[in-house]
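For reference, coords.tsv is printed below; it contains TSV, C-alpha atoms.
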chain	number	residue	atom	x	y	z
A	1	MET	CA	169.12	92.37	151.48
A	2	ASN	CA	169.34	95.09	148.84
A	3	ARG	CA	170.48	94.18	145.36
A	4	ASP	CA	174.00	95.66	145.56
A	5	LYS	CA	174.73	93.96	148.87
A	6	SER	CA	173.40	90.67	147.59
A	7	ASP	CA	175.46	91.00	144.40
A	8	GLU	CA	178.60	91.66	146.38
A	9	ALA	CA	177.89	88.62	148.52
A	10	PHE	CA	177.23	86.54	145.44
A	11	GLU	CA	180.47	87.56	143.77
A	12	ALA	CA	182.39	86.90	146.98
A	13	GLU	CA	180.99	83.36	147.09
A	14	ILE	CA	181.13	82.55	143.43
A	15	LEU	CA	184.37	83.91	142.06
A	16	PRO	CA	186.66	81.73	144.20
A	17	GLN	CA	184.69	78.71	142.90
A	18	LEU	CA	185.16	79.40	139.21
A	19	ARG	CA	188.21	77.19	138.85
A	20	PRO	CA	186.78	74.02	140.44
A	21	LEU	CA	183.45	74.67	138.70
A	22	PHE	CA	185.12	74.98	135.35
A	23	GLY	CA	187.14	71.86	136.13
A	24	MET	CA	183.98	69.89	136.84
A	25	ALA	CA	182.21	71.30	133.77
A	26	TYR	CA	185.20	70.40	131.64
A	27	ARG	CA	185.32	66.87	133.01
A	28	LEU	CA	181.62	66.44	132.26
A	29	THR	CA	181.43	68.04	128.81
A	30	GLY	CA	184.89	67.15	127.56
A	31	ASN	CA	185.60	70.48	125.91
A	32	ALA	CA	186.34	74.02	127.00
A	33	HIS	CA	183.61	75.64	124.94
A	34	ASP	CA	180.71	73.62	126.35
A	35	ALA	CA	182.32	73.79	129.79
A	36	GLU	CA	182.32	77.58	129.71
A	37	ASP	CA	178.69	77.66	128.59
A	38	LEU	CA	177.76	75.33	131.41
A	39	VAL	CA	179.65	77.44	133.96
A	40	GLN	CA	177.98	80.63	132.74
A	41	GLU	CA	174.58	79.03	132.90
A	42	THR	CA	175.31	77.72	136.38
A	43	MET	CA	176.31	81.21	137.50
A	44	LEU	CA	173.11	82.74	136.19
A	45	ARG	CA	170.95	80.06	137.72
A	46	ALA	CA	172.78	80.32	141.04
A	47	HIS	CA	172.47	84.07	140.97
A	48	ARG	CA	168.75	83.83	140.43
A	49	SER	CA	168.31	81.49	143.37
A	50	PHE	CA	170.92	83.06	145.61
A	51	ASP	CA	168.28	84.00	148.14
A	52	ARG	CA	167.83	80.29	148.82
A	53	TYR	CA	171.52	79.82	149.52
A	54	ARG	CA	172.42	79.84	153.20
A	55	PRO	CA	175.70	81.71	153.76
A	56	GLY	CA	178.31	79.66	155.51
A	57	THR	CA	177.20	76.38	153.94
A	58	ASN	CA	179.30	74.71	151.30
A	59	ALA	CA	179.13	77.06	148.34
A	60	ARG	CA	181.04	74.77	146.04
A	61	ALA	CA	178.71	71.83	146.69
A	62	TRP	CA	175.76	74.09	146.03
A	63	PHE	CA	177.22	75.21	142.71
A	64	PHE	CA	178.07	71.63	141.76
A	65	THR	CA	174.48	70.62	142.46
A	66	ILE	CA	173.17	73.33	140.16
A	67	LEU	CA	175.77	72.55	137.51
A	68	HIS	CA	174.94	68.88	137.55
A	69	ARG	CA	171.21	69.53	137.35
A	70	LEU	CA	171.67	71.86	134.36
A	71	ARG	CA	173.85	69.32	132.64
A	72	THR	CA	171.34	66.53	133.20
A	73	ASP	CA	168.48	68.73	131.96
A	74	ALA	CA	170.45	69.71	128.86
A	75	LEU	CA	171.20	66.07	128.05
A	76	ARG	CA	167.59	65.13	128.61
A	77	ARG	CA	166.44	67.90	126.29
A	78	ARG	CA	168.77	66.58	123.64
A	79	GLY	CA	167.16	63.20	124.15
A	80	ARG	CA	170.22	61.72	125.74
A	81	ARG	CA	170.44	60.61	129.30
A	82	PRO	CA	173.88	60.42	130.84
A	83	GLU	CA	174.97	57.05	129.59
A	84	THR	CA	175.24	54.12	131.88
A	85	VAL	CA	176.68	50.87	130.64
A	86	GLU	CA	176.27	47.41	131.96
A	87	LEU	CA	179.49	46.18	133.36
A	88	LEU	CA	179.60	42.47	132.88
A	89	ASP	CA	182.37	41.80	135.32
A	90	ASP	CA	184.04	43.82	137.98
A	91	GLY	CA	187.25	44.62	136.23
A	92	PRO	CA	190.32	42.56	135.77
A	93	PRO	CA	190.67	39.67	138.20
A	94	VAL	CA	194.35	40.36	138.56
A	95	ALA	CA	196.10	43.60	139.17
A	96	PRO	CA	196.39	45.94	136.20
A	97	ALA	CA	199.78	47.37	135.64
A	98	HIS	CA	199.35	49.74	138.47
A	99	GLU	CA	202.99	50.60	138.87
A	100	ALA	CA	202.81	51.74	135.29
A	101	ALA	CA	199.61	53.62	136.08
A	102	LEU	CA	201.26	55.34	139.01
A	103	THR	CA	204.27	56.47	137.08
A	104	SER	CA	202.78	57.37	133.72
A	105	GLY	CA	201.69	60.90	132.93
A	106	HIS	CA	198.42	62.63	133.66
A	107	GLU	CA	197.34	62.42	130.08
A	108	GLU	CA	196.67	58.73	130.14
A	109	ILE	CA	194.36	58.84	133.16
A	110	ALA	CA	192.68	61.99	131.94
A	111	ARG	CA	191.88	60.21	128.70
A	112	ALA	CA	190.64	57.11	130.52
A	113	LEU	CA	188.45	59.33	132.70
A	114	ALA	CA	187.05	61.09	129.64
A	115	GLY	CA	186.12	57.69	128.24
A	116	LEU	CA	183.83	56.84	131.17
A	117	PRO	CA	180.07	57.07	130.86
A	118	GLU	CA	179.13	60.48	132.20
A	119	SER	CA	177.18	59.31	135.23
A	120	PHE	CA	180.19	57.28	136.45
A	121	ARG	CA	182.58	60.07	135.60
A	122	ALA	CA	180.60	62.61	137.65
A	123	ALA	CA	180.59	60.32	140.69
A	124	VAL	CA	184.30	59.45	140.39
A	125	VAL	CA	185.37	63.08	139.93
A	126	LEU	CA	183.26	64.26	142.86
A	127	ARG	CA	184.79	61.57	145.05
A	128	ASP	CA	188.39	61.29	143.86
A	129	VAL	CA	189.15	64.79	142.62
A	130	GLU	CA	186.83	66.88	144.79
A	131	GLU	CA	186.88	64.49	147.76
A	132	TYR	CA	183.24	64.69	148.71
A	133	SER	CA	181.69	62.00	150.89
A	134	TYR	CA	179.18	59.53	149.50
A	135	ALA	CA	176.36	61.32	151.32
A	136	GLU	CA	177.37	64.69	149.86
A	137	ILE	CA	177.65	63.23	146.35
A	138	ALA	CA	174.25	61.56	146.72
A	139	LYS	CA	172.75	64.95	147.51
A	140	MET	CA	174.48	66.67	144.60
A	141	LEU	CA	173.54	64.02	142.06
A	142	ASP	CA	170.12	63.49	143.61
A	143	VAL	CA	170.52	59.71	143.81
A	144	PRO	CA	170.64	57.26	146.76
A	145	VAL	CA	173.98	56.65	148.52
A	146	GLY	CA	173.94	53.06	147.25
A	147	THR	CA	173.86	54.34	143.68
A	148	VAL	CA	176.82	56.61	144.39
A	149	MET	CA	178.81	53.65	145.72
A	150	SER	CA	177.86	51.56	142.71
A	151	ARG	CA	178.75	54.30	140.19
A	152	ILE	CA	182.11	54.96	141.82
A	153	HIS	CA	182.83	51.27	141.92
A	154	ARG	CA	181.90	50.75	138.29
A	155	GLY	CA	183.71	53.88	137.19
A	156	ARG	CA	186.90	52.81	138.90
A	157	ALA	CA	186.57	49.27	137.53
A	158	LEU	CA	186.33	50.69	134.00
A	159	LEU	CA	189.33	52.93	134.67
A	160	ARG	CA	191.35	49.96	135.93
A	161	LYS	CA	190.38	48.09	132.81
A	162	ALA	CA	191.30	50.97	130.50
A	163	LEU	CA	194.62	51.55	132.20
A	164	GLY	CA	195.37	47.84	132.43
A	165	ARG	CA	195.05	47.46	128.68
A	166	ARG	CA	197.79	49.99	128.12
A	167	PRO	CA	200.64	48.36	126.20
A	168	GLU	CA	203.63	47.96	128.44
B	1	MET	CA	182.29	34.80	152.56
B	2	SER	CA	181.97	35.74	148.90
B	3	CYS	CA	183.46	38.92	147.46
B	4	GLU	CA	181.54	42.20	147.67
B	5	PRO	CA	183.46	44.44	145.27
B	6	GLU	CA	181.22	47.48	145.78
B	7	ARG	CA	181.77	47.28	149.55
B	8	VAL	CA	185.53	47.12	148.93
B	9	THR	CA	185.18	50.40	147.00
B	10	ALA	CA	183.26	51.86	149.95
B	11	LEU	CA	185.98	50.62	152.32
B	12	VAL	CA	188.66	52.38	150.26
B	13	ASP	CA	186.56	55.53	150.50
B	14	GLY	CA	186.13	55.25	154.26
B	15	ALA	CA	182.39	55.00	153.76
B	16	LEU	CA	181.84	51.89	155.91
B	17	GLU	CA	181.27	51.83	159.61
B	18	GLY	CA	181.11	49.42	162.53
B	19	GLU	CA	180.41	45.78	161.94
B	20	GLU	CA	180.24	46.09	158.14
B	21	ARG	CA	183.61	47.74	158.01
B	22	ALA	CA	185.18	45.05	160.22
B	23	ARG	CA	183.63	42.33	158.09
B	24	ILE	CA	184.91	43.75	154.78
B	25	GLU	CA	188.35	44.50	156.24
B	26	ALA	CA	188.61	40.89	157.43
B	27	HIS	CA	187.59	39.64	154.01
B	28	VAL	CA	190.07	41.85	152.17
B	29	ALA	CA	192.85	40.61	154.44
B	30	ARG	CA	192.14	37.06	153.30
B	31	CYS	CA	191.13	37.60	149.64
B	32	GLU	CA	193.80	38.30	147.05
B	33	VAL	CA	191.36	39.63	144.41
B	34	CYS	CA	189.78	42.11	146.79
B	35	ARG	CA	193.17	43.16	148.16
B	36	VAL	CA	194.31	43.92	144.60
B	37	GLN	CA	191.10	45.83	143.92
B	38	ALA	CA	191.59	47.93	147.05
B	39	ALA	CA	195.22	48.64	146.22
B	40	ASP	CA	194.34	49.55	142.62
B	41	GLU	CA	191.58	51.84	143.71
B	42	ARG	CA	193.85	53.61	146.20
B	43	ALA	CA	196.43	54.06	143.46
B	44	LEU	CA	193.73	55.35	141.10
B	45	ARG	CA	192.52	57.78	143.72
B	46	ALA	CA	196.03	59.12	144.14
B	47	ARG	CA	196.42	59.59	140.40
B	48	LEU	CA	193.06	61.27	140.00
B	49	ARG	CA	193.73	63.55	142.95
B	50	ALA	CA	197.03	64.56	141.36
B	51	LEU	CA	195.40	65.44	138.04
B	52	PRO	CA	196.00	69.09	137.32
B	53	ALA	CA	192.74	71.07	137.05
B	54	PRO	CA	191.79	71.94	133.49
B	55	GLU	CA	193.01	75.38	132.63
B	56	VAL	CA	190.36	78.07	133.02
B	57	PRO	CA	189.91	79.99	129.75
B	58	PHE	CA	191.38	83.44	129.76
B	59	GLY	CA	188.85	86.09	130.78
B	60	LEU	CA	186.20	83.67	132.10
B	61	GLU	CA	185.86	85.62	135.34
B	62	GLN	CA	185.32	88.88	133.45
B	63	ARG	CA	182.80	87.26	131.15
B	64	VAL	CA	180.89	85.84	134.10
B	65	ARG	CA	180.86	89.21	135.86
B	66	ALA	CA	179.74	90.96	132.69
B	67	LYS	CA	176.98	88.45	132.17
B	68	LEU	CA	175.73	88.88	135.73
B	69	ARG	CA	175.74	92.65	135.35
B	70	ARG	CA	173.86	92.45	132.07
B	71	ARG	CA	171.29	90.22	133.67
B	72	HIS	CA	170.63	92.69	136.43
B	73	ARG	CA	169.45	95.35	134.14
B	74	TRP	CA	166.97	93.02	132.53
B	75	PRO	CA	165.49	90.48	134.86
B	76	GLY	CA	163.91	93.06	137.16
B	77	THR	CA	162.40	94.90	134.23
B	78	VAL	CA	161.41	91.74	132.44
B	79	ARG	CA	159.88	90.31	135.59
B	80	ALA	CA	157.96	93.53	136.16
B	81	LEU	CA	156.69	93.46	132.59
B	82	LEU	CA	155.60	89.82	132.64
B	83	PRO	CA	152.17	90.41	134.21
B	84	LEU	CA	151.59	93.23	131.73
B	85	ALA	CA	152.56	90.94	128.85
B	86	ALA	CA	150.21	88.29	130.19
B	87	VAL	CA	147.39	90.82	130.36
B	88	LEU	CA	148.11	91.91	126.77
B	89	VAL	CA	148.05	88.35	125.49
B	90	LEU	CA	144.84	87.70	127.38
B	91	ALA	CA	143.34	90.95	126.03
B	92	LEU	CA	144.25	89.99	122.47
B	93	TRP	CA	142.62	86.64	122.96
B	94	ALA	CA	139.58	88.04	124.78
B	95	ARG	CA	139.15	90.78	122.16
B	96	GLY	CA	137.77	88.25	119.71
B	97	TYR	CA	135.76	86.27	122.28
B	98	ALA	CA	132.05	87.02	121.78
B	99	PRO	CA	130.94	86.82	125.47
B	100	PHE	CA	133.79	89.15	126.43
B	101	VAL	CA	132.88	91.64	123.70
B	102	ALA	CA	129.25	91.45	124.85
B	103	TRP	CA	130.36	92.24	128.39
B	104	GLU	CA	132.46	95.19	127.18
B	105	LEU	CA	129.55	96.66	125.21
B	106	SER	CA	127.09	96.15	128.06
B	107	ARG	CA	129.50	97.86	130.42
B	108	ASP	CA	130.00	100.78	128.04
B	109	HIS	CA	126.24	101.10	127.52
B	110	ASP	CA	125.78	101.41	131.30
B	111	HIS	CA	128.73	103.76	131.53
B	112	CYS	CA	127.39	106.25	128.96
B	113	PHE	CA	123.75	106.05	129.97
B	114	GLY	CA	124.69	106.13	133.65
B	115	ARG	CA	126.00	109.70	133.31
B	116	PRO	CA	123.75	112.55	134.43
B	117	ARG	CA	124.06	113.88	130.91
B	118	LEU	CA	124.68	111.67	127.89
B	119	PRO	CA	128.37	112.18	126.89
B	120	ALA	CA	127.70	112.41	123.14
B	121	GLN	CA	130.35	113.88	120.85
B	122	VAL	CA	127.78	114.35	118.13
B	123	TRP	CA	124.09	115.13	118.60
B	124	ALA	CA	121.88	114.15	115.69
B	125	SER	CA	118.41	112.79	115.21
B	126	GLU	CA	119.10	112.30	111.49
B	127	PRO	CA	121.01	109.10	110.68
B	128	ASP	CA	122.70	110.77	107.68
B	129	LEU	CA	124.34	113.38	109.90
B	130	LEU	CA	125.55	110.78	112.32
B	131	ILE	CA	126.80	108.47	109.59
B	132	ALA	CA	128.65	111.38	108.00
B	133	TRP	CA	130.24	112.37	111.31
B	134	PHE	CA	131.52	108.82	111.98
B	135	ASP	CA	132.58	108.52	108.33
B	136	GLY	CA	134.81	111.55	108.84
B	137	LYS	CA	136.47	109.72	111.76
B	138	GLY	CA	137.04	106.63	109.64
B	139	ASP	CA	134.16	104.49	110.95
B	140	ARG	CA	131.60	103.14	108.52
B	141	LEU	CA	128.26	102.77	110.22
B	142	PRO	CA	125.55	100.49	108.92
B	143	LEU	CA	122.29	101.93	107.73
B	144	LEU	CA	120.58	103.22	110.87
B	145	PRO	CA	116.95	104.07	111.47
B	146	SER	CA	116.04	107.42	112.99
B	147	THR	CA	113.49	105.72	115.23
B	148	ALA	CA	112.74	102.19	116.36
B	149	GLY	CA	109.44	101.87	118.10
B	150	ARG	CA	109.43	104.51	120.80
B	151	LEU	CA	113.21	104.82	120.66
B	152	ALA	CA	114.70	107.75	118.78
B	153	LEU	CA	118.23	108.39	117.59
B	154	VAL	CA	119.95	111.10	119.64
B	155	GLY	CA	123.68	111.00	118.92
B	156	GLY	CA	126.87	109.11	119.44
B	157	ARG	CA	130.52	109.11	120.39
B	158	HIS	CA	133.71	107.09	120.16
B	159	CYS	CA	134.16	104.91	123.19
B	160	TRP	CA	137.29	103.11	124.36
B	161	LEU	CA	136.60	99.57	125.42
B	162	PRO	CA	138.55	97.68	128.13
B	163	ASP	CA	140.47	95.76	125.42
B	164	ALA	CA	141.88	99.12	124.26
B	165	SER	CA	139.95	99.13	121.01
B	166	ARG	CA	137.72	102.01	119.94
B	167	ALA	CA	134.08	101.46	119.06
B	168	ALA	CA	131.52	103.74	117.44
B	169	HIS	CA	128.68	104.08	119.95
B	170	VAL	CA	125.26	105.29	118.78
B	171	TYR	CA	122.56	106.30	121.29
B	172	TYR	CA	118.81	105.75	121.07
B	173	THR	CA	116.50	106.86	123.86
B	174	SER	CA	112.84	107.03	124.74
B	175	ASP	CA	111.18	108.33	127.90
B	176	ASP	CA	112.06	105.27	129.86
B	177	GLN	CA	114.49	103.21	127.74
B	178	GLN	CA	117.92	103.37	126.25
B	179	LEU	CA	119.47	101.36	123.46
B	180	SER	CA	123.03	101.36	122.12
B	181	VAL	CA	124.37	100.39	118.74
B	182	PHE	CA	128.10	99.73	118.55
B	183	VAL	CA	130.35	99.13	115.59
B	184	VAL	CA	133.21	96.98	116.88
B	185	SER	CA	136.56	97.80	115.30
B	186	HIS	CA	137.94	94.24	115.25
B	187	GLY	CA	136.87	90.72	114.42
B	188	VAL	CA	134.89	88.54	116.83
B	189	ARG	CA	134.87	84.75	116.82
B	190	MET	CA	131.22	83.83	116.29
B	191	ASP	CA	128.78	82.59	113.68
B	192	ASP	CA	126.45	85.07	112.02
B	193	ASP	CA	125.10	86.34	115.29
B	194	PHE	CA	125.41	85.96	119.00
B	195	ALA	CA	122.85	86.89	121.66
B	196	THR	CA	123.38	86.89	125.40
B	197	SER	CA	122.64	88.66	128.64
B	198	SER	CA	125.54	90.51	130.16
B	199	GLY	CA	125.62	92.82	133.16
B	200	GLY	CA	121.81	92.89	133.32
B	201	ASN	CA	121.49	93.97	129.65
B	202	ALA	CA	120.41	92.11	126.55
B	203	VAL	CA	123.26	92.06	124.02
B	204	ALA	CA	123.22	90.94	120.40
B	205	LEU	CA	126.26	90.79	118.11
B	206	VAL	CA	125.58	90.55	114.39
B	207	ARG	CA	127.64	90.60	111.24
B	208	LEU	CA	126.55	93.35	108.93
B	209	GLY	CA	128.45	94.21	105.77
B	210	GLY	CA	131.69	92.68	107.04
B	211	ARG	CA	131.55	94.47	110.39
B	212	VAL	CA	130.44	93.31	113.79
B	213	VAL	CA	127.61	95.43	115.12
B	214	GLY	CA	126.53	95.17	118.74
B	215	VAL	CA	123.10	96.14	120.03
B	216	VAL	CA	122.58	96.60	123.76
B	217	GLY	CA	119.32	97.30	125.51
B	218	GLU	CA	117.37	96.46	128.60
B	219	ASP	CA	114.94	94.16	126.87
B	220	HIS	CA	115.68	91.12	124.70
B	221	GLY	CA	112.56	91.76	122.60
B	222	ASP	CA	113.61	95.32	121.78
B	223	VAL	CA	117.13	94.27	120.97
B	224	SER	CA	116.16	91.43	118.67
B	225	ALA	CA	113.50	93.57	116.92
B	226	PHE	CA	116.13	96.25	116.36
B	227	VAL	CA	118.55	93.67	114.96
B	228	THR	CA	115.93	92.27	112.63
B	229	GLY	CA	115.16	95.77	111.36
B	230	LEU	CA	118.84	96.49	110.77
B	231	ARG	CA	119.31	93.25	108.89
B	232	THR	CA	116.30	93.87	106.72
B	233	SER	CA	117.26	97.38	105.75
B	234	VAL	CA	120.90	96.43	105.13
B	235	ALA	CA	119.78	93.51	102.96
B	236	ALA	CA	117.41	95.76	101.03
B	237	LEU	CA	119.62	98.81	100.57
B	238	GLY	CA	123.23	97.76	101.02
B	239	THR	CA	125.43	98.50	103.97
B	240	GLN	CA	125.11	102.23	103.77
B	241	GLY	CA	122.74	104.39	101.87
B	242	PRO	CA	119.71	106.53	102.44
B	243	ALA	CA	118.36	105.82	105.87
B	244	PRO	CA	114.87	104.53	106.34
B	245	ALA	CA	112.79	106.94	108.31
B	246	SER	CA	112.00	104.40	110.95
B	247	LEU	CA	111.96	100.77	111.88
B	248	PRO	CA	108.71	99.02	112.71
B	249	ALA	CA	107.68	99.28	116.32
B	250	SER	CA	108.83	96.43	118.41
Now that the file is in, can you turn its structure into structure tokens?
Amino acid sequence: MNRDKSDEAFEAEILPQLRPLFGMAYRLTGNAHDAEDLVQETMLRAHRSFDRYRPGTNARAWFFTILHRLRTDALRRRGRRPETVELLDDGPPVAPAHEAALTSGHEEIARALAGLPESFRAAVVLRDVEEYSYAEIAKMLDVPVGTVMSRIHRGRALLRKALGRRPE
Amino acid sequence: MSCEPERVTALVDGALEGEERARIEAHVARCEVCRVQAADERALRARLRALPAPEVPFGLEQRVRAKLRRRHRWPGTVRALLPLAAVLVLALWARGYAPFVAWELSRDHDHCFGRPRLPAQVWASEPDLLIAWFDGKGDRLPLLPSTAGRLALVGGRHCWLPDASRAAHVYYTSDDQQLSVFVVSHGVRMDDDFATSSGGNAVALVRLGGRVVGVVGEDHGDVSAFVTGLRTSVAALGTQGPAPASLPAS
């Protein structure tokens, strides 16, 4: 494939994915500036390895995989792994105020989501916002399916807790 | 059966199959805590799904395109230049490495003496003439003898070495032997002297008056005798001065 052709193909694949990619980057980094840097870096990395991308496969998942790997590497370089916390119990034993949760605005849940440890947040967003299967998420995050299940479970338990504490 | 909260999460996500799925479904039907968990998680999922995507900064697409375009111009060039850069770094390192310098000088000795006619730029049997010629080109030669044993001074030239440095190359010949004296234009990592065999020649590198001088010949005895003579005359008369008529025979 000559360079121009390959560039056209790359742009055709990538540009429609900018919005979800930015969304994911924003959810991971928590601010627009770092999110944009992460997206740009993902684009460059993807562009460099575009010859390994098989057309017709899930472009978005491929970009998410690269994005997540870059993010993990960046955190590691800064001496910080994506945090994981020990969850002592599995969330409130009784129902949180889920009617309230269902009716309140987006801001509250967005804030609760932002408060999750990053490894849980990535798994929850990939599942609940992007609707990937456990197997797909496992591939993107490069962890076993059991770990995906556990992270989603713990992430949701923390969200239930955070939302349940909301004053009525 | 005790609660398996992670499996309840998997059930909500449709990630269970067959017997396991039936087992967890049956449990959830009987267990209030797990039923609440499942209901909460479904509600959470709905809320998360409904979250509006963060707004993409204005101009992101243009910035990404621009960045990709900018990259194009460079990576190819940069990638093409990488081997060259590696060679340069290696050359800079090798330049000061005594065995490499010895190899370069041995190779150049063979190169010049391998020609049908010696490629001298200056022909002189008098050291003063030769020293003056190199002086005019900015190279200070050590005090050279006009003869050394059967070897006699015949001339010299500037030679380019593989590390892209220029060395003053002085020729001595006899009926059946050749000997080269080089003044290396850069530093070499070694103690006072270094002797080796390289490319079938005997090579000695010595420090004389702050410069590195290389002597290359076919025979170790000749080379070391020549070096000893050079050292002695330099020690006696300074780095450059009236040339001794000859060095003792080796």
From the list B:Tyr172, B:Thr9, B:Pro54, B:Thr196, which residue is nearest Arg151 of chain A when using all atoms listed in the file?
->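 The closest residue to Arg151 of chain A is B:Thr9.
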Interface residues on chain B facing chain A, 9 Å, only C-alpha atoms, written as a ChimeraX atom specification = /B:5-10,13-15,32-34,36-37,39-41,43-57,60-61,63-65,67-68,71
Gap from atom CA of Asp192 of chain B to atom CA of Gly217 of chain B - Å, one decimal |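 Atom CA of Asp192 of chain B sits 19.6 Å away from atom CA of Gly217 of chain B.
For the set B:Pro162, B:Pro145, B:Pro127, B:Gly155, the residue with the smallest atom-to-atom gap to Leu92 of chain B is B:Pro162, counting only C-alpha atoms.
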Residue list as a list in words for point (133.5, 104.6, 112.5), cut-off 9 Å, only C-alpha atoms = Ile131, Trp133, Phe134, Asp135, Gly136, Lys137, Gly138, Asp139, Arg140, Leu141, His158, Arg166, Ala167, Ala168, His169, Val183, Val184 and Ser185 of chain B
Which polymer residues have any atom within 7 Å of an atom of Phe226 of chain B, counting all atoms listed in the file, with same-chain residues fewer than 4 positions away left out, as number ranges by chain?
-> B: 148, 222, 230
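As for atom CA of Arg69 of chain A and atom CA of Ala138 of chain A, they are spaced 12.7 Å apart.
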Selected residue of minimal separation from Tyr53 of chain A among A:Ala9, A:Thr147, A:Leu70, A:Gly115, counting all atoms listed in the file =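 For Tyr53 of chain A, the nearest of the given residues is A:Ala9.
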Atom-to-atom span, atom CA of Cys112 of chain B and atom CA of Val203 of chain B, Å =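 Straight-line distance from atom CA of Cys112 of chain B to atom CA of Val203 of chain B works out to 15.6 Å.
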Of the candidates A:Thr29, A:Ala114, A:Glu13, A:Thr72, which shows the shortest atom-to-atom distance to Leu141 of chain A, using all atoms listed in the file?
->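 Smallest separation from Leu141 of chain A among the options: A:Thr72.
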Considering all atoms listed in the file, return as a ChimeraX atom specification whatever protein or nucleic-acid residues lie within 6 Å of Val206 of chain B, sequence-local ones (same chain, fewer than 3 positions apart) excluded.
-> /B:193,212-213
Box along x, y and z, 8 Å on every side, all listed atoms of segment 89-96 of chain B inside: centre and edge lengths in Å to one decimal, as JSON.
{"center_x": 142.9, "center_y": 88.8, "center_z": 123.5, "size_x": 26.3, "size_y": 20.3, "size_z": 23.7}
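Closest approach to Leu151 of chain B among B:Asp128, B:Asp175, B:Asp163, B:Asp108 is made by B:Asp175 (distances from all atoms listed in the file).
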Missing atoms in segment 193-208 of chain B: fill them in up to N, CA and C atoms and send the result as an mmCIF file, in the coordinates of the input.
data_model
loop_
_atom_site.group_PDB
_atom_site.id
_atom_site.type_symbol
_atom_site.label_atom_id
_atom_site.label_comp_id
_atom_site.auth_asym_id
_atom_site.auth_seq_id
_atom_site.Cartn_x
_atom_site.Cartn_y
_atom_site.Cartn_z
ATOM 1 N N ASP B 193 125.434 85.451 114.176
ATOM 2 C CA ASP B 193 125.100 86.340 115.290
ATOM 3 C C ASP B 193 125.227 85.624 116.629
ATOM 4 N N PHE B 194 125.160 86.441 117.648
ATOM 5 C CA PHE B 194 125.410 85.960 119.000
ATOM 6 C C PHE B 194 124.526 86.797 119.920
ATOM 7 N N ALA B 195 123.717 86.136 120.748
ATOM 8 C CA ALA B 195 122.850 86.890 121.660
ATOM 9 C C ALA B 195 123.078 86.376 123.078
ATOM 10 N N THR B 196 123.114 87.288 124.023
ATOM 11 C CA THR B 196 123.380 86.890 125.400
ATOM 12 C C THR B 196 122.844 87.955 126.356
ATOM 13 N N SER B 197 122.896 87.639 127.629
ATOM 14 C CA SER B 197 122.640 88.660 128.640
ATOM 15 C C SER B 197 123.966 88.926 129.327
ATOM 16 N N SER B 198 124.277 90.191 129.513
ATOM 17 C CA SER B 198 125.540 90.510 130.160
ATOM 18 C C SER B 198 125.348 91.760 131.009
ATOM 19 N N GLY B 199 125.724 91.670 132.254
ATOM 20 C CA GLY B 199 125.620 92.820 133.160
ATOM 21 C C GLY B 199 124.195 93.344 133.270
ATOM 22 N N GLY B 200 123.205 92.460 133.173
ATOM 23 C CA GLY B 200 121.810 92.890 133.320
ATOM 24 C C GLY B 200 121.215 93.452 132.030
ATOM 25 N N ASN B 201 122.002 93.468 130.936
ATOM 26 C CA ASN B 201 121.490 93.970 129.650
ATOM 27 C C ASN B 201 121.358 92.821 128.659
ATOM 28 N N ALA B 202 120.494 93.043 127.671
ATOM 29 C CA ALA B 202 120.410 92.110 126.550
ATOM 30 C C ALA B 202 121.403 92.590 125.504
ATOM 31 N N VAL B 203 122.235 91.673 125.008
ATOM 32 C CA VAL B 203 123.260 92.060 124.020
ATOM 33 C C VAL B 203 123.140 91.148 122.815
ATOM 34 N N ALA B 204 123.175 91.734 121.628
ATOM 35 C CA ALA B 204 123.220 90.940 120.400
ATOM 36 C C ALA B 204 124.404 91.420 119.574
ATOM 37 N N LEU B 205 125.170 90.452 119.037
ATOM 38 C CA LEU B 205 126.260 90.790 118.110
ATOM 39 C C LEU B 205 125.860 90.222 116.753
ATOM 40 N N VAL B 206 125.941 91.042 115.723
ATOM 41 C CA VAL B 206 125.580 90.550 114.390
ATOM 42 C C VAL B 206 126.625 90.997 113.376
ATOM 43 N N ARG B 207 126.768 90.192 112.340
ATOM 44 C CA ARG B 207 127.640 90.600 111.240
ATOM 45 C C ARG B 207 126.812 91.342 110.215
ATOM 46 N N LEU B 208 127.263 92.564 109.930
ATOM 47 C CA LEU B 208 126.550 93.350 108.930
ATOM 48 C C LEU B 208 127.585 93.970 108.009
#
